[in-house]
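Have a look at the structure below before the remarks.
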Amino acid sequence: MPDLQPRMMAYYDKVNVLGYELLKLFELALGLGADELKAFFKKDMNSLRLLHYPPQKPDGDGVHLGARAHTDTNAFTILAQDANGGLEIRNRDNEWVAVPPIAGTLVVNVGEVLKVWSDGIFSSTLHRVINRSARRRFSIPFFMYPSYDALIQ
């Protein structure tokens with residue numbers, strides 16, 4: 001797959017720009033000054049992953065495969081997912097709810113860092129992946145991380 005690296009680097013560059021644009025929107029929503037949150041992103045610590053989830057039994061509990069329930073530790077995640085579904089979030093009623101894939105869209109998931117910085121105005125949602133589609137599932141999460149020396153309080 002000789003063209004994989006240049007294609008993924010081009011995607012990384014585009015979603016990285018999107019991440020900084022989203023950061024501006026979070027600043028605006030929190031009533032912060034321009035680049036107030038961006039100041040915590042002096043060194044590029046962002047990362048991109050290519051994930052594969054094998055099929056699971058449609059009625060499986062998801063304990064052995066997929067991604068167990070967790071919150072993201074970064075500021076936020078920008079997720080591209082295929083049409084198979086499998087991403088679920090836990091709502092305020094403590095129920096697991098499917099996040100249906102919508103063609104041409106990305107999912108933005110707030111992480112623990114932004115939860116702390118916003119004093120809980122933005123919450124980090126517990127989520128998991130159970131691939132009940134009977135097909136292989138692929139997703140590409142982009143993790144927006146502050147610099148390793150950023151103060152998280």
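Each chain in the structure tokens gets a letter, A, B, ..., in the order shown, and its residues are numbered from 1; ligands are numbered from 1 in order too.
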Report as JSON lines: every residue of region 5-32 of chain A with an atom at most 10 Å from region 113-130 of chain A, its closest pair of atoms, and their distance in Å to one decimal, counting only C-alpha atoms, with rows sorted by chain and ascending residue number.
{"residue": "A:Leu23", "atom": "CA", "partner": "A:Leu114", "partner_atom": "CA", "distance": 10.0}
{"residue": "A:Phe26", "atom": "CA", "partner": "A:Leu114", "partner_atom": "CA", "distance": 8.9}
{"residue": "A:Glu27", "atom": "CA", "partner": "A:Ser118", "partner_atom": "CA", "distance": 9.6}
{"residue": "A:Ala29", "atom": "CA", "partner": "A:Ile121", "partner_atom": "CA", "distance": 9.7}
{"residue": "A:Leu30", "atom": "CA", "partner": "A:Ser118", "partner_atom": "CA", "distance": 7.1}
Practice task
Could you find all residues in chain A that DSSP calls strand (DSSP E or B) from the backbone, and write them as a VMD selection string?
Solution key: chain A and resid 47 to 48 51 to 53 67 to 70 76 to 81 87 to 90 96 to 98 107 to 110 127 to 129 137 to 144
Practice task
Compare A:Asp72, A:Asp44, A:Asp3, A:Glu21 by their minimum atom-to-atom distance to Val110 (chain A), counting only C-alpha atoms, and give me the closest one.
Solution key: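 The answer is A:Asp72, which sits nearest to Val110 (chain A).
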Problem - Among listed residues A:Leu106, A:Val97, A:Ala80, A:Leu87, nearest Ser133 (chain A) (using only C-alpha atoms) - result: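 Looking at the shortest contact to Ser133 (chain A), the residue is A:Leu87.
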Practice task
Can you work out which one of A:Pro141, A:His70, A:Thr77, A:Phe41 has the shortest atom-to-atom distance to Ile89 (chain A), counting only C-alpha atoms?
Solution key: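 Nearest candidate to Ile89 (chain A) out of A:Pro141, A:His70, A:Thr77, A:Phe41: A:His70.
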Practice task
Quick one: everything within 10 Å of region 136-139 of chain A, counting only C-alpha atoms, minus sequence neighbours fewer than 5 positions away in the same chain. Send it as a PyMOL selection string.
Solution key: chain A and resi 49-56+66+79-87+129-131
Problem - A:Lys24, A:Arg135, A:Lys42, A:Arg92 ranked by distance to Pro58 (chain A), top pick (using only C-alpha atoms) - result: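 Of the candidates, the smallest distance to Pro58 (chain A) is held by A:Arg135.
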Problem - chain A: residues DSSP assigns to alpha helix (DSSP H), reported as number ranges by chain - result: A: 4-29, 112-117
Keeping only C-alpha atoms, take the residues you just selected and write them out as an mmCIF file, in the first residue's frame.
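Saved result, part.cif, follows:
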data_model
loop_
_atom_site.group_PDB
_atom_site.id
_atom_site.type_symbol
_atom_site.label_atom_id
_atom_site.label_comp_id
_atom_site.auth_asym_id
_atom_site.auth_seq_id
_atom_site.Cartn_x
_atom_site.Cartn_y
_atom_site.Cartn_z
ATOM 1 C CA LEU A 4 -1.232 4.913 2.321
ATOM 2 C CA GLN A 5 1.295 7.166 4.067
ATOM 3 C CA PRO A 6 0.838 10.229 1.815
ATOM 4 C CA ARG A 7 -2.948 9.830 1.890
ATOM 5 C CA MET A 8 -3.028 9.539 5.678
ATOM 6 C CA MET A 9 -0.620 12.457 6.131
ATOM 7 C CA ALA A 10 -2.830 14.602 3.870
ATOM 8 C CA TYR A 11 -5.860 13.580 5.944
ATOM 9 C CA TYR A 12 -3.962 14.316 9.165
ATOM 10 C CA ASP A 13 -3.067 17.802 7.922
ATOM 11 C CA LYS A 14 -6.704 18.565 7.069
ATOM 12 C CA VAL A 15 -8.205 17.245 10.301
ATOM 13 C CA ASN A 16 -5.456 18.995 12.301
ATOM 14 C CA VAL A 17 -6.568 22.322 10.789
ATOM 15 C CA LEU A 18 -10.181 21.384 11.617
ATOM 16 C CA GLY A 19 -9.128 20.668 15.207
ATOM 17 C CA TYR A 20 -7.746 24.163 15.639
ATOM 18 C CA GLU A 21 -10.896 25.640 14.102
ATOM 19 C CA LEU A 22 -12.978 23.651 16.609
ATOM 20 C CA LEU A 23 -10.727 24.919 19.378
ATOM 21 C CA LYS A 24 -11.749 28.464 18.387
ATOM 22 C CA LEU A 25 -15.404 27.466 18.702
ATOM 23 C CA PHE A 26 -14.815 26.029 22.180
ATOM 24 C CA GLU A 27 -13.108 29.308 23.163
ATOM 25 C CA LEU A 28 -16.075 31.269 21.846
ATOM 26 C CA ALA A 29 -18.600 29.017 23.620
ATOM 27 C CA GLU A 112 -11.324 14.817 30.028
ATOM 28 C CA VAL A 113 -8.972 17.771 29.422
ATOM 29 C CA LEU A 114 -11.720 19.973 27.966
ATOM 30 C CA LYS A 115 -14.075 18.846 30.727
ATOM 31 C CA VAL A 116 -11.589 20.119 33.317
ATOM 32 C CA TRP A 117 -10.799 23.330 31.431
#
